[in-house]
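Comments concern the structure below.
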Amino acid sequence: MYSGMTRDALDWQKKIKKFVDNELIPWEVHAELNNGEIPNEIEQKHIGIARSFGLPGMGVSKEEGGLGLSMLEQMIIWEQLGRVTNALGWCFPEVQDWMIKNCNDYQKEKYLKPLLKVEKRECYAITEKGAGSDVEGSIESTAEKKNNEYVINGEKWYVTGANKADFFFVQAKIKGGSNEGTDALFFVDKNLPGVELLESPPFSHTYAFHHSIYKFNNVTIPLKNLIGKEGEGMSYTHSWFRHERLGIAARCCGAAERLIDEVTSFAKDRKAFGDVIANFQAVQFMLADSVNELLSARLMLYEACKAHDSNVDVKILHAKCSMVKLFASEMANRVADRAVQIFGGRGYMRENVAERYYRELRVDRIWEGTSEIHRLIIANSLYKRGLQSLIE
Ligand SMILES: Cc1cc2nc3c(=O)[nH]c(=O)nc-3n(C[C@H](O)[C@H](O)[C@H](O)COP(=O)(O)OP(=O)(O)OC[C@H]3O[C@@H](n4cnc5c(N)ncnc54)[C@H](O)[C@@H]3O)c2cc1C
């Protein structure tokens with residue numbers, strides 16, 4: 001067992017594993033064949049269980065209505081939720097610690113508390129047509145102060161979950177005033193005049209959460225919808241990035257675990273040339289490599305969580321989050337590719353877990369920063385802060 005694992009973390013692991021195995025996994029194939037959707041009463045049951053566990057506030061302090069879990073405990077939960085395909089593990093919104101630290105009382109009441117109760121859902125509108133990897137430098141959406149309000153204009157791409165959300169976190173550049181050109185983050189309600197859905201294109205995976213393109217046409221919001229201060233928007237988005245990058249790494253570890261489990265059982269049962277395929281060295285080598293790479297990614301993940309929980313310098317933490325997101329996402333893609341291979345023709349069927357993961361895990365090398373961008377962040381940190389800061 002990992003030396004830093006706590007009793008509480010193990011309890012969470014057991015509890016969420018049971019939820020995933022008994023409640024979520026049985027609906028995967030249904031979701032796959034129905035555009036990611038499951039019957040409403042089942043979705044509500046999943047939401048109810050997640051709410052009863054307190055998952056929407058897992059990282060929020062107890063004083064603020066959350067569970068106050070460490071990052072390690074949170075990622076143990078996300079790791080288990082990564083063991084299910086078709087995004088069925090996303091059955092709850094998540095309030096993150098940085099939101100509590102930076103949102104005003106009005107925002108907590110109107111946006112965060114309803115998320116904790118799963119009465120509302122959120123989505124993040126950061127990326128634009130011309131601002132993906134270079135999100136900081138190239139954002140063109142603007143927020144202009146007029147008559148004691150902000151007027152938001154711009155187009156946002158790939159807004160995950162907007163179809164199920166009630167409001168957006170919108171990243172924009174301040175237009176006019178002394179903070180002209182600086183970044184700011186806002187709450188924008190989806191039902192406001194001027195919020196326009198342009199397109200919901202289909203993607204490789206089969207999720208009920210769309211990745212839509214939205215346009216904000218002179219959308220007027222109150223000044224109190226600005227999170228923190230003008231000029232600090234990107235620092236909040238970086239906090240979101242770090243959290244999501246750890247979450248992606250955790251879900252990739254969970255996915256790899258599920259794949260290795262399932263494909264090992266299959267290999268022990270499937271016969272060819274008068275023997276089970278598990279006895280063929282070519283299959284054993286694929287499984288052995290997968291196990292080794294999973295353990296490496298998992299240890300990196302837990303160490304990055306420990307770094308977060310012990311408040312290491314945020315720049316070092318940022319690089320560590322990149323390291324584990326990069327390694328775990330590439331690891332899980334290799335594991336999925338091998339699993340498809342071992343399943344043979346069955347691995348190409350949509351009812352097969354490896355086929356679904358093979359498509360689903362591909363985006364983990366793209367969203368929340370591409371693998372290339374993470375390599376740049378790691379190399380940059382190596383030059384600036386030295387090797388020891390990254391490997392100790
Ligand atoms: C399914 C999906 C869901 C998403 N959900 C959201 C969401 O909810 N909210 C949100 O705001 N965004 C979301 N995104 C956007 C996602 O974060 C971006 O797609 C990602 O950051 C990459 O940006 P891009 O697609 O514009 O690629 P680009 O930046 O155009 O990159 C294209 C290629 O060039 C490479 N490249 C770029 N710059 C460099 C460099 N300096 N050195 C080396 N290589 C480089 C990239 O690695 C990549 O291979 C989502 C994307 C997808 C596909």
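Naming scheme: A, B, ... for chains in displayed order of the structure tokens; residues 1 onward per chain; ligands 1 onward as shown.
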
Which parts of region 210-369 of chain A does DSSP call strand (DSSP E) when run on the backbone here, written out as number ranges by chain?
-> A: 211-222, 271-272, 275-276

Selection as an MDAnalysis selection string: residues within 9 Å of ligand 1 by only C-alpha atoms and all ligand atoms | chainID A and resid 123:135 156:162 170:171 203:205 210:212 363:376

Would you mind listing what lies within 7 Å of Gly57 (chain A) as a count of residues only, with only C-alpha atoms counted and same-chain residues fewer than 4 positions away left out?
-> 5

Got a sec: who's within 7 Å of region 315-325 of chain A, counting only C-alpha atoms, leaving out chain neighbours fewer than 3 positions off, as a list in words?
->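 Result of the neighbour search: Arg242, Arg245, Leu246, Ile248, Ala249, Ala297, Met300, Leu301, Ala304, Ala307, His308, Val312, Ala328, Ser329, His374, Ile377, Ile378, Ser381, Ser389 and Leu390 of chain A.
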
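Counting only C-alpha atoms, the residue from A:Glu64, A:Glu122, A:Glu293, A:Glu41 that sits nearest to Arg334 (chain A) is A:Glu293.
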
Please, which residues in region 43-105 of chain A fall within 8 Å of region 17-36 of chain A when counting only C-alpha atoms, and what is the closest atom pair and distance in Å to one decimal for each, ordered by chain then residue number, as a tab-separated table?
residue	atom	partner	partner_atom	distance
A:His46	CA	A:Glu23	CA	7.2
A:Gln80	CA	A:Lys17	CA	5.6
A:Leu81	CA	A:Val20	CA	6.5
A:Arg83	CA	A:Val20	CA	7.3
A:Val84	CA	A:Ile25	CA	5.7
A:Thr85	CA	A:Glu28	CA	6.3
A:Asn86	CA	A:Gly36	CA	6.1
A:Ala87	CA	A:Gly36	CA	7.9
A:Leu88	CA	A:Leu24	CA	6.3
A:Gly89	CA	A:Leu24	CA	7.2

Which is closest to Phe168 (chain A) among A:Tyr357, A:Tyr150, A:Tyr207, A:Phe216, if we use only C-alpha atoms?
-> A:Phe216

Identify, on the basis of only C-alpha atoms, every residue whose closest approach to Ile342 (chain A) does not exceed 7 Å; exclude the query and any residue fewer than 4 positions from it along the same chain; express the result as a ChimeraX atom specification.
-> /A:263,283,338

Take CA of Ser290 (chain A) and CA of Leu382 (chain A) and report the distance between them in Å, one decimal.
->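 Distance reported for this atom pair: 27.8 Å.
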
CA of Asn153 (chain A) to CA of Met99 (chain A), straight-line distance in Å | 23.4 Å

Best match for closeness to Asp337 (chain A) among A:Val291, A:Val276, A:Val314, A:Leu259, counting only C-alpha atoms =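 When distances to Asp337 (chain A) are compared using only C-alpha atoms, the smallest one comes from A:Leu259.
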
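Using only C-alpha atoms, the contacts of Ile152 (chain A) at a cut-off of 7 Å, with sequence neighbours closer than 2 positions omitted, comprise Thr142, Ala143, Glu144, Tyr150, Gly154, Phe216, Asn217, Asn218, Val219 and Thr220 of chain A.
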
Run DSSP on the backbone and give me the residues of region 156-375 of chain A it puts in alpha helix (DSSP H), as a ChimeraX atom specification.
-> /A:233-269,281-309,314-343,353-360,371-375

The selected residues should be written to file as a short mmCIF file (atom, residue, chain, number, x, y, z; two decimals), in the first residue's frame (atoms: C-alpha atoms).
data_model
loop_
_atom_site.label_atom_id
_atom_site.label_comp_id
_atom_site.auth_asym_id
_atom_site.auth_seq_id
_atom_site.Cartn_x
_atom_site.Cartn_y
_atom_site.Cartn_z
CA GLY A 233 -8.69 36.11 -13.77
CA MET A 234 -5.90 33.97 -15.17
CA SER A 235 -4.61 33.08 -11.70
CA TYR A 236 -8.04 31.59 -10.85
CA THR A 237 -8.07 29.76 -14.16
CA HIS A 238 -4.62 28.37 -13.36
CA SER A 239 -6.03 27.06 -10.05
CA TRP A 240 -8.82 25.39 -12.03
CA PHE A 241 -6.23 23.98 -14.46
CA ARG A 242 -4.15 22.46 -11.64
CA HIS A 243 -7.20 20.85 -10.07
CA GLU A 244 -8.46 19.50 -13.39
CA ARG A 245 -5.03 18.23 -14.40
CA LEU A 246 -4.81 16.20 -11.21
CA GLY A 247 -8.37 15.02 -11.82
CA ILE A 248 -7.55 13.91 -15.35
CA ALA A 249 -4.48 12.05 -14.10
CA ALA A 250 -6.57 10.36 -11.41
CA ARG A 251 -9.29 9.33 -13.87
CA CYS A 252 -6.65 8.03 -16.28
CA CYS A 253 -5.24 5.84 -13.50
CA GLY A 254 -8.74 4.56 -12.74
CA ALA A 255 -9.35 3.87 -16.42
CA ALA A 256 -6.07 1.96 -16.75
CA GLU A 257 -6.88 -0.11 -13.67
CA ARG A 258 -10.29 -1.05 -15.05
CA LEU A 259 -8.80 -1.91 -18.44
CA ILE A 260 -6.05 -4.09 -16.99
CA ASP A 261 -8.57 -5.87 -14.74
CA GLU A 262 -11.01 -6.56 -17.56
CA VAL A 263 -8.49 -7.56 -20.18
CA THR A 264 -6.62 -9.84 -17.77
CA SER A 265 -9.84 -11.74 -17.03
CA PHE A 266 -10.51 -11.99 -20.75
CA ALA A 267 -6.97 -13.23 -21.49
CA LYS A 268 -7.27 -15.95 -18.85
CA ASP A 269 -10.45 -17.22 -20.47
CA GLN A 281 4.31 -14.16 -23.94
CA ALA A 282 3.25 -11.40 -26.35
CA VAL A 283 0.08 -10.89 -24.28
CA GLN A 284 1.96 -11.13 -20.98
CA PHE A 285 4.39 -8.43 -22.08
CA MET A 286 1.55 -6.05 -22.94
CA LEU A 287 -0.06 -6.66 -19.55
CA ALA A 288 3.22 -6.34 -17.65
CA ASP A 289 4.05 -3.02 -19.31
CA SER A 290 0.56 -1.75 -18.51
CA VAL A 291 0.82 -2.69 -14.84
CA ASN A 292 4.23 -1.04 -14.50
CA GLU A 293 3.13 2.16 -16.18
CA LEU A 294 -0.05 2.35 -14.11
CA LEU A 295 1.87 2.04 -10.86
CA SER A 296 4.34 4.74 -11.98
CA ALA A 297 1.51 7.14 -12.87
CA ARG A 298 -0.33 6.42 -9.64
CA LEU A 299 2.74 7.08 -7.51
CA MET A 300 3.33 10.34 -9.39
CA LEU A 301 -0.29 11.31 -8.79
CA TYR A 302 -0.18 10.61 -5.07
CA GLU A 303 3.10 12.50 -4.75
CA ALA A 304 1.65 15.50 -6.60
CA CYS A 305 -1.36 15.40 -4.24
CA LYS A 306 0.99 15.32 -1.26
CA ALA A 307 2.85 18.31 -2.70
CA HIS A 308 -0.48 20.12 -2.93
CA ASP A 309 -1.46 19.14 0.60
CA VAL A 314 2.62 27.10 -6.41
CA LYS A 315 4.98 27.28 -9.42
CA ILE A 316 6.55 23.94 -8.51
CA LEU A 317 3.08 22.51 -7.92
CA HIS A 318 2.00 23.80 -11.34
CA ALA A 319 4.85 21.87 -12.99
CA LYS A 320 4.13 18.75 -10.95
CA CYS A 321 0.49 18.84 -12.07
CA SER A 322 1.73 19.05 -15.68
CA MET A 323 4.10 16.14 -15.10
CA VAL A 324 1.43 13.80 -13.79
CA LYS A 325 -1.26 14.92 -16.28
CA LEU A 326 1.16 14.31 -19.15
CA PHE A 327 2.41 10.95 -17.92
CA ALA A 328 -0.93 9.53 -16.76
CA SER A 329 -2.83 10.53 -19.91
CA GLU A 330 -0.18 9.07 -22.22
CA MET A 331 0.04 5.96 -20.03
CA ALA A 332 -3.73 5.39 -20.16
CA ASN A 333 -3.76 5.78 -23.95
CA ARG A 334 -1.07 3.13 -24.28
CA VAL A 335 -2.93 0.83 -21.89
CA ALA A 336 -6.17 1.27 -23.86
CA ASP A 337 -4.41 0.57 -27.13
CA ARG A 338 -2.94 -2.67 -25.74
CA ALA A 339 -6.30 -3.66 -24.23
CA VAL A 340 -8.02 -3.28 -27.61
CA GLN A 341 -5.28 -5.45 -29.12
CA ILE A 342 -5.65 -8.20 -26.52
CA PHE A 343 -9.45 -8.21 -26.86
CA VAL A 353 -14.94 -1.22 -22.42
CA ALA A 354 -11.58 -0.98 -24.22
CA GLU A 355 -13.17 0.36 -27.40
CA ARG A 356 -14.91 3.10 -25.45
CA TYR A 357 -11.83 4.04 -23.43
CA TYR A 358 -9.71 3.99 -26.61
CA ARG A 359 -11.85 6.86 -27.92
CA GLU A 360 -12.49 8.58 -24.60
CA SER A 371 0.91 16.99 -24.04
CA GLU A 372 3.21 19.40 -25.90
CA ILE A 373 2.23 22.32 -23.68
CA HIS A 374 2.85 20.23 -20.55
CA ARG A 375 6.31 19.30 -21.83
#

Between CA of Ile77 (chain A) and CA of Arg350 (chain A), what is the distance, to one decimal in Å?
->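 Between these atoms lies a distance of 26.4 Å.
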
Quick one: of A:Glu149, A:Glu43, A:Asp166, A:Asp313, who's nearest to Lys190 (chain A), counting only C-alpha atoms?
->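 Going through A:Glu149, A:Glu43, A:Asp166, A:Asp313 one by one, the smallest distance to Lys190 (chain A) is for A:Asp166.
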